[in-house]
file coords18.cif (mmCIF, C-alpha atoms)
data_input
loop_
_atom_site.label_atom_id
_atom_site.label_comp_id
_atom_site.auth_asym_id
_atom_site.auth_seq_id
_atom_site.Cartn_x
_atom_site.Cartn_y
_atom_site.Cartn_z
CA MET A 258 -3.50 -14.79 11.91
CA SER A 259 -4.62 -14.80 15.51
CA ASN A 260 -7.59 -12.73 16.68
CA LEU A 261 -5.83 -11.97 19.96
CA ALA A 262 -5.18 -8.34 20.81
CA GLN A 263 -1.65 -7.08 20.41
CA SER A 264 -0.03 -4.06 22.03
CA ILE A 265 2.52 -1.64 20.64
CA ALA A 266 4.04 0.84 23.09
CA PHE A 267 5.69 4.14 22.17
CA VAL A 268 7.72 5.18 25.20
CA HIS A 269 10.75 7.32 25.95
CA HIS A 270 11.54 9.41 28.99
CA LYS A 271 12.56 12.39 26.86
CA GLY A 272 10.05 14.69 25.22
CA GLY A 273 10.19 15.66 21.57
CA THR A 274 11.27 12.26 20.28
CA GLY A 275 8.28 11.69 17.99
CA LYS A 276 6.34 9.22 20.13
CA THR A 277 2.94 10.78 19.50
CA THR A 278 3.53 11.29 15.79
CA ALA A 279 4.75 7.72 15.34
CA CYS A 280 1.83 6.35 17.36
CA ILE A 281 -0.81 8.21 15.34
CA ASN A 282 0.79 7.24 12.02
CA VAL A 283 1.18 3.56 12.92
CA ALA A 284 -2.40 3.51 14.23
CA GLY A 285 -3.65 4.99 10.96
CA CYS A 286 -1.76 2.41 8.91
CA LEU A 287 -3.07 -0.47 11.02
CA GLN A 288 -6.62 0.86 10.71
CA LYS A 289 -6.27 1.03 6.93
CA MET A 290 -5.15 -2.60 7.02
CA GLY A 291 -8.50 -3.44 8.62
CA LYS A 292 -7.28 -3.71 12.21
CA LYS A 293 -9.22 -2.32 15.15
CA VAL A 294 -7.04 0.28 16.85
CA LEU A 295 -7.29 1.85 20.30
CA ILE A 296 -4.74 4.49 21.31
CA VAL A 297 -4.32 4.78 25.08
CA ASP A 298 -3.24 8.41 25.56
CA LEU A 299 -1.10 8.61 28.72
CA ASP A 300 0.21 12.09 27.94
CA PRO A 301 -0.96 14.66 30.53
CA GLN A 302 -1.38 17.14 27.65
CA ALA A 303 -3.45 14.58 25.68
CA ASN A 304 -1.43 15.21 22.50
CA ALA A 305 -2.41 11.94 20.81
CA THR A 306 -6.07 12.66 21.50
CA SER A 307 -5.85 16.18 20.07
CA GLY A 308 -3.75 14.83 17.18
CA LEU A 309 -6.70 12.62 16.29
CA GLY A 310 -8.91 15.72 16.10
CA ILE A 311 -10.58 15.49 19.49
CA ASP A 312 -10.77 18.55 21.75
CA ARG A 313 -9.78 17.16 25.16
CA ARG A 314 -11.73 19.93 26.91
CA SER A 315 -14.95 18.56 25.43
CA ILE A 316 -14.47 15.07 26.88
CA GLU A 317 -16.90 14.13 29.61
CA TYR A 318 -15.25 10.97 31.00
CA SER A 319 -11.74 9.52 31.27
CA LEU A 320 -10.14 6.51 32.92
CA TYR A 321 -10.30 8.44 36.19
CA ASP A 322 -14.08 8.11 36.04
CA VAL A 323 -13.86 4.38 35.29
CA LEU A 324 -11.60 3.79 38.30
CA PHE A 325 -13.26 6.08 40.83
CA ASP A 326 -16.79 6.91 39.65
CA ASN A 327 -17.99 3.51 38.36
CA ILE A 328 -18.27 4.59 34.69
CA ASP A 329 -18.26 1.71 32.16
CA MET A 330 -15.04 1.46 30.11
CA GLN A 331 -17.05 1.46 26.87
CA GLU A 332 -18.26 4.97 27.71
CA ILE A 333 -14.75 6.46 27.61
CA ILE A 334 -13.82 5.17 24.15
CA LEU A 335 -13.58 8.17 21.86
CA GLU A 336 -14.29 7.47 18.19
CA THR A 337 -12.62 9.50 15.47
CA ASP A 338 -13.45 10.17 11.84
CA SER A 339 -10.46 8.05 10.81
CA GLY A 340 -11.73 4.96 12.60
CA VAL A 341 -8.94 5.01 15.19
CA HIS A 342 -10.30 5.05 18.74
CA THR A 343 -8.68 6.46 21.87
CA TRP A 344 -8.89 6.33 25.65
CA LEU A 345 -7.91 9.50 27.45
CA PHE A 346 -6.00 9.02 30.69
CA SER A 347 -4.80 12.58 31.19
CA ARG A 348 -7.34 13.53 33.84
CA ILE A 349 -6.11 10.80 36.18
CA ILE A 350 -2.44 11.54 35.49
CA ALA A 351 -2.89 15.26 36.01
CA LYS A 352 -4.67 14.61 39.30
CA ALA A 353 -2.05 12.09 40.46
CA SER A 354 0.87 14.32 39.51
CA SER A 355 -0.54 17.16 41.64
CA TYR A 356 0.21 15.23 44.86
#
call {"tool": "encode", "arguments": {"input": "coords18.cif", "output": "structure tokens"}}
result
Amino acid sequence: MSNLAQSIAFVHHKGGTGKTTACINVAGCLQKMGKKVLIVDLDPQANATSGLGIDRRSIEYSLYDVLFDNIDMQEIILETDSGVHTWLFSRIIAKASSY
């Protein structure tokens, strides 16, 4: 088996289709199989992040800070009790969608 990173995307233009639930469940299964998992939460409401037990209001940095404030990408990785990690993008999306 290759050590190269692989990506799985859960996308659909319609809400309520189970994208977040499927993503969290697949991530949990992959983590239990010994894989390193990083969920990139593109949802403006940060539902995957909150589904992993993280209060998005308590997060200090997001990808916005990496892109515009010179914060290191390692600093925005949020670790969870389950071993699944996440990056929160919602701050940048919320800001961009306000224009």
call {"tool": "residues_around", "arguments": {"input": "coords18.cif", "residues": "Asp322 (chain A)", "least_positions_apart": "2", "cutoff": "12 Å", "atoms": "only C-alpha atoms", "output": "number ranges by chain"}}
result
A: 316-320, 324-333, 344-349, 352
call {"tool": "atom_distance", "arguments": {"input": "coords18.cif", "atom1": "CA of Leu335 (chain A)", "atom2": "CA of His270 (chain A)"}}
result
26.1 Å
call {"tool": "closest_residue", "arguments": {"input": "coords18.cif", "among": "A:Asn304, A:Val294, A:Gln288, A:Ile281", "to": "Ile334 (chain A)", "atoms": "all atoms listed in the file"}}
result
A:Val294
call {"tool": "resolve_selection", "arguments": {"input": "coords18.cif", "expression": "the PyMOL selection byres ((chain A and resi 296) around 9)", "output": "ChimeraX atom specification"}}
result
/A:280-281,284,294-295,297-298,305-306,341-345
call {"tool": "closest_residue", "arguments": {"input": "coords18.cif", "among": "A:Lys276, A:Val283, A:Arg314, A:Tyr321", "to": "Asp300 (chain A)", "atoms": "all atoms listed in the file"}}
result
A:Lys276
call {"tool": "atom_distance", "arguments": {"input": "coords18.cif", "atom1": "CA of Gly273 (chain A)", "atom2": "CA of Val323 (chain A)"}}
result
29.9 Å
call {"tool": "decode", "arguments": {"input": "coords18.cif", "residues": "region 275-295 of chain A", "atoms": "N, CA and C atoms", "output": "short mmCIF file (atom, residue, chain, number, x, y, z; two decimals), in the first residue's frame"}}
result
data_model
loop_
_atom_site.label_atom_id
_atom_site.label_comp_id
_atom_site.auth_asym_id
_atom_site.auth_seq_id
_atom_site.Cartn_x
_atom_site.Cartn_y
_atom_site.Cartn_z
N GLY A 275 -26.79 14.39 3.71
CA GLY A 275 -25.98 13.48 4.52
C GLY A 275 -24.49 13.57 4.30
N LYS A 276 -24.03 14.64 3.68
CA LYS A 276 -22.59 14.79 3.40
C LYS A 276 -21.77 14.80 4.68
N THR A 277 -22.17 15.62 5.64
CA THR A 277 -21.41 15.74 6.88
C THR A 277 -21.42 14.44 7.66
N THR A 278 -22.59 13.82 7.77
CA THR A 278 -22.69 12.55 8.50
C THR A 278 -21.84 11.48 7.85
N ALA A 279 -21.90 11.37 6.54
CA ALA A 279 -21.09 10.37 5.83
C ALA A 279 -19.61 10.65 6.02
N CYS A 280 -19.22 11.91 5.93
CA CYS A 280 -17.82 12.29 6.07
C CYS A 280 -17.28 11.91 7.45
N ILE A 281 -18.01 12.25 8.50
CA ILE A 281 -17.56 11.94 9.85
C ILE A 281 -17.48 10.43 10.08
N ASN A 282 -18.46 9.70 9.58
CA ASN A 282 -18.46 8.24 9.76
C ASN A 282 -17.34 7.56 8.99
N VAL A 283 -17.11 7.97 7.75
CA VAL A 283 -16.02 7.39 6.96
C VAL A 283 -14.68 7.75 7.61
N ALA A 284 -14.54 8.99 8.06
CA ALA A 284 -13.30 9.40 8.73
C ALA A 284 -13.04 8.55 9.97
N GLY A 285 -14.08 8.30 10.75
CA GLY A 285 -13.93 7.47 11.94
C GLY A 285 -13.51 6.05 11.61
N CYS A 286 -14.10 5.49 10.56
CA CYS A 286 -13.72 4.14 10.14
C CYS A 286 -12.27 4.09 9.66
N LEU A 287 -11.87 5.07 8.86
CA LEU A 287 -10.49 5.10 8.38
C LEU A 287 -9.50 5.26 9.54
N GLN A 288 -9.86 6.07 10.52
CA GLN A 288 -8.98 6.26 11.68
C GLN A 288 -8.84 4.96 12.44
N LYS A 289 -9.94 4.22 12.59
CA LYS A 289 -9.88 2.94 13.29
C LYS A 289 -9.06 1.91 12.53
N MET A 290 -8.92 2.10 11.23
CA MET A 290 -8.09 1.22 10.41
C MET A 290 -6.62 1.64 10.47
N GLY A 291 -6.32 2.65 11.26
CA GLY A 291 -4.94 3.09 11.43
C GLY A 291 -4.50 4.18 10.47
N LYS A 292 -5.44 4.75 9.74
CA LYS A 292 -5.11 5.82 8.79
C LYS A 292 -5.10 7.16 9.52
N LYS A 293 -4.28 8.08 9.05
CA LYS A 293 -4.31 9.45 9.53
C LYS A 293 -5.39 10.18 8.73
N VAL A 294 -6.28 10.87 9.43
CA VAL A 294 -7.43 11.49 8.77
C VAL A 294 -7.49 12.97 9.11
N LEU A 295 -7.68 13.79 8.08
CA LEU A 295 -7.88 15.22 8.25
C LEU A 295 -9.15 15.60 7.50
#
